[in-house]
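What follows is a short report on a single structure.
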Amino acid sequence: MKASLSLSFVSLLCISIACFFLSSNFILQVRGDDPYRFFTWVITYGDIYPLGVKQQGILINGQFPGPQIEAVTNDNLIINVFNNLTDPFLITWDGLQQRKSSWQDGVYGTTCPIPPGGNFTYVMQAKDQIGSYFYFPSLAFHKAAGGFGGIRVLSRPMIPVPFPPPSGDFTILAGDWFKANHTDLQAMLDNGADLPFPDGLLINGQGQNGNTFTVDQGKTYRFRISNVGISTSVNIRFQGHSMLLVEVEGSHTVQNIYASLDVHLGQSYSVLVTADQPAQDYQIVISTRFTTPVLITSAILHYSNSAGPATIPAPDGPTIEVDWSLNQARSIRWNLTASGPRPNPQGSYHYGLVNTTRTIRLANSQATINGKLRYAVNSISFIPADTPLKLADFYNIPGVFTVGSMPDNPTFGDAYLQTSVMAANMREYVEIIFENRENAVQSWHIDGYSFFVVGMDGGQWTPASRQGYNLRDTVARSTVQVYPQSWTAIYMALDNVGMWNIRSENWARQYLGQQFYLRVYSPANSWRDENPIPRNALLCGRASGRRTRPL
């Protein structure tokens, strides 16, 4: 009897401790019966040799690239990150919308860095999302050292998917790479210089033919392709095979066939490739776009019964042709009859019939400020504050930033430094025009949102440009390109309260000021609109020493 009572007491004590641990540190609110997926990541420096030269890379659990995140719509992701670097560290989740919780976005404007030797547990939910995304380090210039990995969010079993289940699901993380360590690249930018031309291209952290994807003849496979580079667009093609486009950053697309596909910085695509050729080894070729010279690398598409290398020529790709890329971008359309994360068809949301309440024009530019190279949006070159903006907003700390310091329209005046924040209200429906009067392609990402790419064209945008908008079946995504001397227009419903980063995905431009924050505000101050500050939130800067929430 005594042993039984002791055992019961210990069991009860363990359960109580576990419940307290979860409720007081991690779980922000009950999310029904949605499953939880737990990850523990240890971040370290390690030697890597992606281009044959020893470099200091960022590893996650000893891996470069980092581990793949596998999830299903509405899954809760609990990722405990231990920072064993000598520097502060943050990870952001490109494309995961962090519904009602910009606290978890993993950029410095919302989250204090994880200090060396410290840890932080991200508590996220893939709420009403499907698709292909990736994560990467957002602080300093860590992105140039690795620390990135793929994210797959699968549909729930009862939700129809507009193509048969593939025989395999592969991830391709492609992008440019530098032989210099990330600290050296950062020092170049800090000293006022631009980055040199990249030294090569990587596929999943490897150079030429460093990856092999094995397929069975006659079967169809899904390839999720993300551009995780820091400076260049790329083009991908499969020797002797075509690609059937099926998904773009969470949107099921009209299933067009492409021989090659442009993937701009920060973008993600899913294609189906059928192994319908003679049993040989074929090249998956990736090359840079709009660059001179053109960098090329490849991986191997290996048939399991291969008789040897393919005898057909390797496929050529486009190089500097802008019109070719523009026309391809316009051909990517929303599949109106397919389900997204929910069973109702994607096309049941008639984005083109909603009246916009506000027009925002954003013009990127290059500038020299205090004798150093900078980049700007509407003539403002962003500088980080001493305190994350979200924390300053929550605690009403004065002097960190000014709401409304980012104007709705470009001035085309001299650029200046500021911690720029644009004011916006919950439930506005905005039109944003990205204007690029420079001679390099731009790539823009908006955290916390998916938006509709209603138009893009060369020249300057005018109100008459709206006559050419696609208001029926354009794709919804979170990262969009703007071609040289061109514009791109998007529609976006502001339905996610928080502090959200709008940035260039060219990481040197982002680092040197081509970014700002969008403060989406609700006067209700309700948990219905925004999750409360996490109990485990790190506090730094002028927020140090304050309390989050009582246990």
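Identifiers in this document derive from the order of the structure tokens: chains are assigned A, B, ..., residues are numbered from 1 separately in each chain, and ligands are numbered from 1 in order of occurrence.
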
Within 12 Å of range 349-371 of chain A: each range 500-547 of chain A residue with its shortest pair, only C-alpha atoms, as JSON lines:
```
{"residue": "A:Ile502", "atom": "CA", "partner": "A:Leu362", "partner_atom": "CA", "distance": 10.4}
{"residue": "A:Arg503", "atom": "CA", "partner": "A:Asn364", "partner_atom": "CA", "distance": 10.4}
{"residue": "A:Ser504", "atom": "CA", "partner": "A:Asn364", "partner_atom": "CA", "distance": 9.1}
{"residue": "A:Asn506", "atom": "CA", "partner": "A:Asn364", "partner_atom": "CA", "distance": 11.9}
{"residue": "A:Ala508", "atom": "CA", "partner": "A:Gln366", "partner_atom": "CA", "distance": 11.5}
{"residue": "A:Arg509", "atom": "CA", "partner": "A:Gln366", "partner_atom": "CA", "distance": 8.7}
{"residue": "A:Gln510", "atom": "CA", "partner": "A:Asn364", "partner_atom": "CA", "distance": 10.9}
{"residue": "A:Leu512", "atom": "CA", "partner": "A:Gln366", "partner_atom": "CA", "distance": 9.6}
{"residue": "A:Gly513", "atom": "CA", "partner": "A:Gln366", "partner_atom": "CA", "distance": 9.6}
{"residue": "A:Gln514", "atom": "CA", "partner": "A:Asn364", "partner_atom": "CA", "distance": 7.0}
{"residue": "A:Gln515", "atom": "CA", "partner": "A:Asn364", "partner_atom": "CA", "distance": 9.3}
{"residue": "A:Phe516", "atom": "CA", "partner": "A:Leu362", "partner_atom": "CA", "distance": 10.6}
{"residue": "A:Leu518", "atom": "CA", "partner": "A:Ile360", "partner_atom": "CA", "distance": 11.6}
```

Give me, as a ChimeraX atom specification, the residues of range 146-313 of chain A that a backbone DSSP run labels strand (DSSP E or B). /A:146,149-154,168-177,200-203,206,212-215,220-227,234-238,241,243-248,251-253,257-258,260-263,268-274,281-288,296-303,309

For a quick check of understanding, using only C-alpha atoms, which of A:Thr311, A:Thr40, A:Gln280, A:Gln55 has the smallest distance to Thr183 in chain A? A:Gln55

Pick out the residues sitting within 9 Å of range 83-94 of chain A, and hand them over as a PyMOL selection string; count only C-alpha atoms, and ignore anything fewer than 5 positions along from it in its own chain. chain A and resi 41-45+58+104-108+111-120+133-140+142+147-148+151+266+445-447+478

Using only C-alpha atoms, the best pick from A:Ala464, A:Val263, A:Leu373, A:Ala392 as closest to Thr479 in chain A would be A:Val263

I'd like the neighbourhood of Ser381 in chain A as a PyMOL selection string, where a residue qualifies if any of its atoms comes within 6 Å (using only C-alpha atoms), though same-chain residues fewer than 5 positions away should be ignored. chain A and resi 375-376+416-417+513

Output of the above residues as a PDB file, in the first residue's frame, restricted to C-alpha atoms:
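Below is the file that was written, result-v5.pdb:
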```pdb
ATOM      1  CA  TYR A 375      20.178  51.156 -50.017  1.00  0.00           C
ATOM      2  CA  ALA A 376      16.815  52.753 -49.340  1.00  0.00           C
ATOM      3  CA  TYR A 416      18.725  59.390 -45.056  1.00  0.00           C
ATOM      4  CA  LEU A 417      19.016  56.961 -42.132  1.00  0.00           C
ATOM      5  CA  GLY A 513      18.881  49.490 -45.437  1.00  0.00           C
TER       6      GLY A 513
END
```

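The coordinates place CA of Val273 in chain A at 15.6 Å from CA of Val254 in chain A.
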
Would you pick out the contacts of range 525-533 of chain A at 8 Å or less, using only C-alpha atoms, so that residues sharing its chain but fewer than 3 positions from it are not included, and give the list as a PyMOL selection string? chain A and resi 28+100-101+103+496-498+522+537+548-549

Could you save those same residues with N, CA, C and O atoms as a short mmCIF file (atom, residue, chain, number, x, y, z; two decimals), in the first residue's frame?
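Final output, result-v1.cif:
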```cif
data_model
loop_
_atom_site.label_atom_id
_atom_site.label_comp_id
_atom_site.auth_asym_id
_atom_site.auth_seq_id
_atom_site.Cartn_x
_atom_site.Cartn_y
_atom_site.Cartn_z
N LEU A 28 1.02 28.90 -25.73
CA LEU A 28 0.40 30.19 -25.57
C LEU A 28 -1.11 30.06 -25.37
O LEU A 28 -1.72 30.84 -24.66
N LYS A 100 -1.25 35.93 -36.08
CA LYS A 100 -1.48 36.59 -34.80
C LYS A 100 -0.25 36.57 -33.89
O LYS A 100 -0.37 36.80 -32.69
N SER A 101 0.93 36.29 -34.45
CA SER A 101 2.09 36.11 -33.56
C SER A 101 3.39 36.53 -34.21
O SER A 101 4.28 35.72 -34.46
N TRP A 103 5.55 37.84 -32.73
CA TRP A 103 6.55 37.54 -31.71
C TRP A 103 7.50 36.43 -32.15
O TRP A 103 8.65 36.38 -31.73
N ASN A 496 -3.61 40.33 -40.34
CA ASN A 496 -2.69 39.71 -39.40
C ASN A 496 -2.00 40.81 -38.59
O ASN A 496 -1.06 41.45 -39.05
N VAL A 497 -2.49 41.03 -37.37
CA VAL A 497 -1.95 42.09 -36.52
C VAL A 497 -0.51 41.76 -36.13
O VAL A 497 -0.16 40.61 -35.88
N GLY A 498 0.32 42.78 -36.10
CA GLY A 498 1.69 42.57 -35.67
C GLY A 498 2.65 43.58 -36.28
O GLY A 498 2.24 44.53 -36.95
N SER A 522 -4.61 46.88 -34.36
CA SER A 522 -6.03 46.73 -34.03
C SER A 522 -6.30 47.42 -32.71
O SER A 522 -5.64 47.12 -31.70
N ALA A 537 9.52 35.03 -23.79
CA ALA A 537 10.11 36.02 -24.68
C ALA A 537 11.43 36.55 -24.09
O ALA A 537 11.51 36.87 -22.90
N THR A 548 7.21 39.67 -18.79
CA THR A 548 6.38 39.29 -19.94
C THR A 548 4.94 39.12 -19.48
O THR A 548 4.14 40.03 -19.54
N ARG A 549 4.61 37.95 -18.95
CA ARG A 549 3.28 37.69 -18.40
C ARG A 549 3.45 36.89 -17.13
O ARG A 549 4.36 36.07 -17.02
#
```

Pick out the residues sitting within 12 Å of range 337-347 of chain A, and hand them over as a ChimeraX atom specification; count only C-alpha atoms, and ignore anything fewer than 2 positions along from it in its own chain. /A:72-75,126-131,153-163,246-255,333-335,349-353,471-476

From A:Ala299, A:Ile380, A:Val430, A:Ile236, residue lying nearest Pro315 in chain A [only C-alpha atoms]: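 Distance minimum relative to Pro315 in chain A lands on A:Ile236.
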
So, with only C-alpha atoms as the atoms that count, which of A:Leu389, A:Met499, A:Val234, A:Val53 lies closest to Thr288 in chain A?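 Result for the nearest residue to Thr288 in chain A: A:Val234.
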
List as a ChimeraX atom specification the protein and nucleic acid residues near Pro165 in chain A, meaning an atom at most 9 Å away when only C-alpha atoms are counted, but skip any in the same chain fewer than 6 places from it. /A:220-222
